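Inspection log for the structure reproduced underneath, given as structure tokens.
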Amino acid sequence: MAQGRISLIFATVLLLGLFFRCENVWGNTYFVGYDPTGWIFKIEDWPTRQNFKPDDTFVFSYNRGQHNVIVVDKQGYDTCKAPKNAYIQSSGFDYMILNKGENYVICNFTGHCEAKMKMAINVL
Ligand SMILES: *[C@@H]1O[C@H](CO)[C@@H](O)[C@H](O)[C@H]1NC(C)=O
Ligand SMILES: [Cu+2]
């Protein structure tokens, strides 16, 4: 319930941020992926083209039920396995906020992460 409300607030802020293309207090907002594919296979190289900052927000757009979004650590990224207690987002319109340093995110549907549906983002 509380989670749902937070998500709703976030979605609203993100939409406003995207609409005005502004730099809000959370940093910039980016749609993940090469338009218009969104969060999809072989996305591994996408973040390497850009310089992201701490508190930038990634929005993951995809067909609900076909993928998910799990922020993991390096081990999770390397092995394509999420920890048992992982927070799994699966709404089709999900987000993550970048931290300084390494950030890792995967889709753990069977075979997807192995098909490069994962990203490592180094934020300076
Ligand atoms: C994805 O990760 C969750 C949390 O660890 C796990 O319960 C689920 O079985 C995983 N899915 C697959 C297809 O491995
Ligand atoms: Cu997937």
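Letters for chains follow the order of the structure tokens (A, B, ...), residue numbers begin at 1 for each chain, and ligand numbers begin at 1 in the order shown.
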Go through the chains and note each residue within 7 Å of ligand 1, using only C-alpha atoms and all ligand atoms, then give the set as a list of chain:residue names.
A:Lys81, A:Ala82, A:Pro83, A:Lys84, A:Asn85, A:Ala86, A:Asn108, A:Phe109, A:Thr110
Create the file for the chosen residues now, containing N, CA and C atoms and written as a compact mmCIF listing (two decimals), in the first residue's frame.
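Output below, filename selection_14.txt:
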```
# COMPACT_ATOMS: atom_id res chain seq x y z
N LYS A 81 21.95 -13.48 -11.23
CA LYS A 81 21.05 -14.00 -10.20
C LYS A 81 20.75 -12.92 -9.17
N ALA A 82 19.47 -12.77 -8.87
CA ALA A 82 19.06 -11.81 -7.85
C ALA A 82 19.04 -12.49 -6.50
N PRO A 83 19.39 -11.77 -5.44
CA PRO A 83 19.28 -12.37 -4.11
C PRO A 83 17.83 -12.72 -3.79
N LYS A 84 17.66 -13.65 -2.84
CA LYS A 84 16.31 -14.14 -2.50
C LYS A 84 15.37 -13.01 -2.09
N ASN A 85 15.90 -12.03 -1.34
CA ASN A 85 15.05 -10.97 -0.81
C ASN A 85 15.02 -9.74 -1.74
N ALA A 86 15.39 -9.95 -2.99
CA ALA A 86 15.50 -8.82 -3.92
C ALA A 86 14.18 -8.09 -4.06
N ASN A 108 15.57 -10.63 -14.54
CA ASN A 108 15.92 -12.03 -14.25
C ASN A 108 14.91 -13.03 -14.80
N PHE A 109 14.15 -12.64 -15.81
CA PHE A 109 13.37 -13.65 -16.52
C PHE A 109 14.37 -14.64 -17.13
N THR A 110 13.95 -15.88 -17.25
CA THR A 110 14.87 -16.92 -17.67
C THR A 110 15.57 -16.57 -18.99
```
Test item: residues at most 7 Å from region 39-53 of chain A, only C-alpha atoms, excluding those fewer than 3 positions along its chain, as an MDAnalysis selection string
chainID A and resid 32:33 56 60:62 112 115:119 121 123:124
Given only C-alpha atoms and all ligand atoms as the basis, pick out the residue of A:Gln66, A:Thr37, A:Ser7, A:Thr29 nearest to ligand 2.
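Checking each of A:Gln66, A:Thr37, A:Ser7, A:Thr29 against ligand 2, counting only C-alpha atoms and all ligand atoms, the winner is A:Gln66.
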Considering only C-alpha atoms and all ligand atoms, state which residue in the set A:Cys80, A:Ala120, A:Leu8, A:Val69 is at the smallest distance from ligand 2.
A:Val69
Using CA of Tyr30 (chain A) and CA of Phe58 (chain A) as the two end points, give the distance in Å to one decimal.
5.0 Å
Considering only C-alpha atoms, return as a PyMOL selection string whatever protein or nucleic-acid residues lie within 9 Å of Gly65 (chain A), sequence-local ones (same chain, fewer than 4 positions apart) excluded.
chain A and resi 90-92
Any chance you could list, as a PyMOL selection string, the residues in region 45-113 of chain A that come up alpha helix (DSSP H) when DSSP is run on the backbone?
chain A and resi 74-79
Dump of N, CA and C atoms for the selected residues, as an mmCIF file, in the first residue's frame:
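Saved file out12.cif follows:
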```cif
data_model
loop_
_atom_site.group_PDB
_atom_site.id
_atom_site.type_symbol
_atom_site.label_atom_id
_atom_site.label_comp_id
_atom_site.auth_asym_id
_atom_site.auth_seq_id
_atom_site.Cartn_x
_atom_site.Cartn_y
_atom_site.Cartn_z
ATOM 1 N N LYS A 74 27.404 -6.375 -7.849
ATOM 2 C CA LYS A 74 28.262 -6.862 -8.928
ATOM 3 C C LYS A 74 28.102 -8.366 -9.126
ATOM 4 N N GLN A 75 27.993 -9.068 -8.009
ATOM 5 C CA GLN A 75 27.850 -10.515 -8.106
ATOM 6 C C GLN A 75 26.561 -10.887 -8.833
ATOM 7 N N GLY A 76 25.487 -10.179 -8.486
ATOM 8 C CA GLY A 76 24.214 -10.421 -9.149
ATOM 9 C C GLY A 76 24.297 -10.128 -10.638
ATOM 10 N N TYR A 77 25.040 -9.078 -10.949
ATOM 11 C CA TYR A 77 25.214 -8.698 -12.351
ATOM 12 C C TYR A 77 26.018 -9.771 -13.087
ATOM 13 N N ASP A 78 27.114 -10.194 -12.486
ATOM 14 C CA ASP A 78 27.991 -11.167 -13.146
ATOM 15 C C ASP A 78 27.319 -12.527 -13.300
ATOM 16 N N THR A 79 26.572 -12.939 -12.274
ATOM 17 C CA THR A 79 25.980 -14.279 -12.301
ATOM 18 C C THR A 79 24.555 -14.279 -12.848
#
```
One number please: CA of Asp73 (chain A) to CA of Asn28 (chain A), in Å, one decimal.
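About the pair CA of Asp73 (chain A) and CA of Asn28 (chain A): they are 22.8 Å apart.
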Go through A:Gly27, A:Gly38, A:Gly111, A:Gly101 and flag the residue nearest ligand 2, using only C-alpha atoms and all ligand atoms for the distances.
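Ranked by minimum distance to ligand 2, first place goes to A:Gly111.
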Nearest candidate to ligand 2 (options A:Ile70, A:Met96, A:Asp35, A:Tyr104; using only C-alpha atoms and all ligand atoms)
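Looking only at the distances to ligand 2, the closest residue turns out to be A:Ile70.
Between ligand 2 and the candidates A:Cys113, A:Val105, A:Val71, A:Leu98, the tightest atom-to-atom separation, counting only C-alpha atoms and all ligand atoms, involves A:Cys113.
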Separating atom 1 (Cu, counted along the ligand's line) of ligand 2 from CA of Tyr95 (chain A), to the nearest tenth of an Å, is a gap of 14.8 Å
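All residues of region 53-87 of chain A that DSSP, run on the backbone, classes as strand (DSSP E or B) are Thr57, Phe58, Val59, Phe60, Ser61, Arg64, His67, Val69, Ile70, Val71 and Val72 of chain A.
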Dump as a compact mmCIF listing (two decimals), in the first residue's frame, selection limited to all heavy atoms:
```txt
# COMPACT_ATOMS: atom_id res chain seq x y z
N THR A 57 17.69 9.66 -12.55
CA THR A 57 16.68 8.60 -12.50
C THR A 57 16.57 7.90 -13.85
O THR A 57 16.52 8.56 -14.89
CB THR A 57 15.31 9.20 -12.12
OG1 THR A 57 15.41 9.84 -10.86
CG2 THR A 57 14.26 8.10 -12.04
N PHE A 58 16.56 6.59 -13.81
CA PHE A 58 16.30 5.79 -15.01
C PHE A 58 14.85 5.32 -14.96
O PHE A 58 14.39 4.79 -13.94
CB PHE A 58 17.20 4.54 -15.03
CG PHE A 58 18.59 4.79 -15.54
CD1 PHE A 58 19.05 6.06 -15.82
CD2 PHE A 58 19.43 3.71 -15.75
CE1 PHE A 58 20.33 6.27 -16.29
CE2 PHE A 58 20.72 3.91 -16.22
CZ PHE A 58 21.17 5.18 -16.49
N VAL A 59 14.17 5.47 -16.07
CA VAL A 59 12.82 4.92 -16.20
C VAL A 59 12.89 3.73 -17.14
O VAL A 59 13.46 3.83 -18.23
CB VAL A 59 11.85 5.98 -16.76
CG1 VAL A 59 10.46 5.38 -16.93
CG2 VAL A 59 11.80 7.19 -15.84
N PHE A 60 12.33 2.63 -16.68
CA PHE A 60 12.32 1.40 -17.47
C PHE A 60 10.93 1.18 -18.03
O PHE A 60 9.99 0.94 -17.28
CB PHE A 60 12.70 0.21 -16.59
CG PHE A 60 14.09 0.29 -16.02
CD1 PHE A 60 14.36 1.07 -14.90
CD2 PHE A 60 15.14 -0.41 -16.59
CE1 PHE A 60 15.63 1.15 -14.36
CE2 PHE A 60 16.42 -0.34 -16.07
CZ PHE A 60 16.66 0.45 -14.96
N SER A 61 10.82 1.26 -19.34
CA SER A 61 9.54 1.07 -19.99
C SER A 61 9.56 -0.25 -20.76
O SER A 61 10.49 -0.50 -21.53
CB SER A 61 9.28 2.25 -20.93
OG SER A 61 8.12 2.03 -21.67
N ARG A 64 4.52 -5.09 -19.50
CA ARG A 64 4.32 -5.76 -18.23
C ARG A 64 4.15 -7.26 -18.44
O ARG A 64 3.46 -7.68 -19.35
CB ARG A 64 3.05 -5.17 -17.60
CG ARG A 64 2.73 -5.69 -16.25
CD ARG A 64 1.41 -5.11 -15.78
NE ARG A 64 1.28 -5.28 -14.35
CZ ARG A 64 0.81 -4.36 -13.54
NH1 ARG A 64 0.37 -3.22 -14.02
NH2 ARG A 64 0.74 -4.58 -12.25
N HIS A 67 9.09 -8.71 -18.72
CA HIS A 67 10.41 -8.44 -18.12
C HIS A 67 10.21 -7.99 -16.68
O HIS A 67 9.09 -7.75 -16.24
CB HIS A 67 11.14 -7.33 -18.88
CG HIS A 67 11.33 -7.62 -20.32
ND1 HIS A 67 12.20 -8.56 -20.78
CD2 HIS A 67 10.74 -7.08 -21.42
CE1 HIS A 67 12.14 -8.60 -22.11
NE2 HIS A 67 11.26 -7.72 -22.52
N VAL A 69 12.63 -5.65 -13.40
CA VAL A 69 13.76 -4.76 -13.12
C VAL A 69 14.24 -5.03 -11.71
O VAL A 69 13.46 -4.88 -10.75
CB VAL A 69 13.34 -3.28 -13.24
CG1 VAL A 69 14.48 -2.35 -12.83
CG2 VAL A 69 12.86 -2.96 -14.66
N ILE A 70 15.48 -5.46 -11.58
CA ILE A 70 16.03 -5.74 -10.25
C ILE A 70 17.40 -5.10 -10.12
O ILE A 70 18.32 -5.40 -10.90
CB ILE A 70 16.15 -7.27 -10.00
CG1 ILE A 70 14.87 -8.00 -10.39
CG2 ILE A 70 16.51 -7.54 -8.55
CD1 ILE A 70 14.96 -9.50 -10.25
N VAL A 71 17.52 -4.21 -9.16
CA VAL A 71 18.82 -3.62 -8.87
C VAL A 71 19.61 -4.65 -8.07
O VAL A 71 19.12 -5.18 -7.07
CB VAL A 71 18.66 -2.30 -8.08
CG1 VAL A 71 20.02 -1.75 -7.68
CG2 VAL A 71 17.88 -1.29 -8.93
N VAL A 72 20.80 -4.94 -8.52
CA VAL A 72 21.62 -5.97 -7.87
C VAL A 72 23.02 -5.43 -7.60
O VAL A 72 23.33 -4.29 -7.94
CB VAL A 72 21.71 -7.23 -8.76
CG1 VAL A 72 20.36 -7.90 -8.90
CG2 VAL A 72 22.29 -6.90 -10.13
```
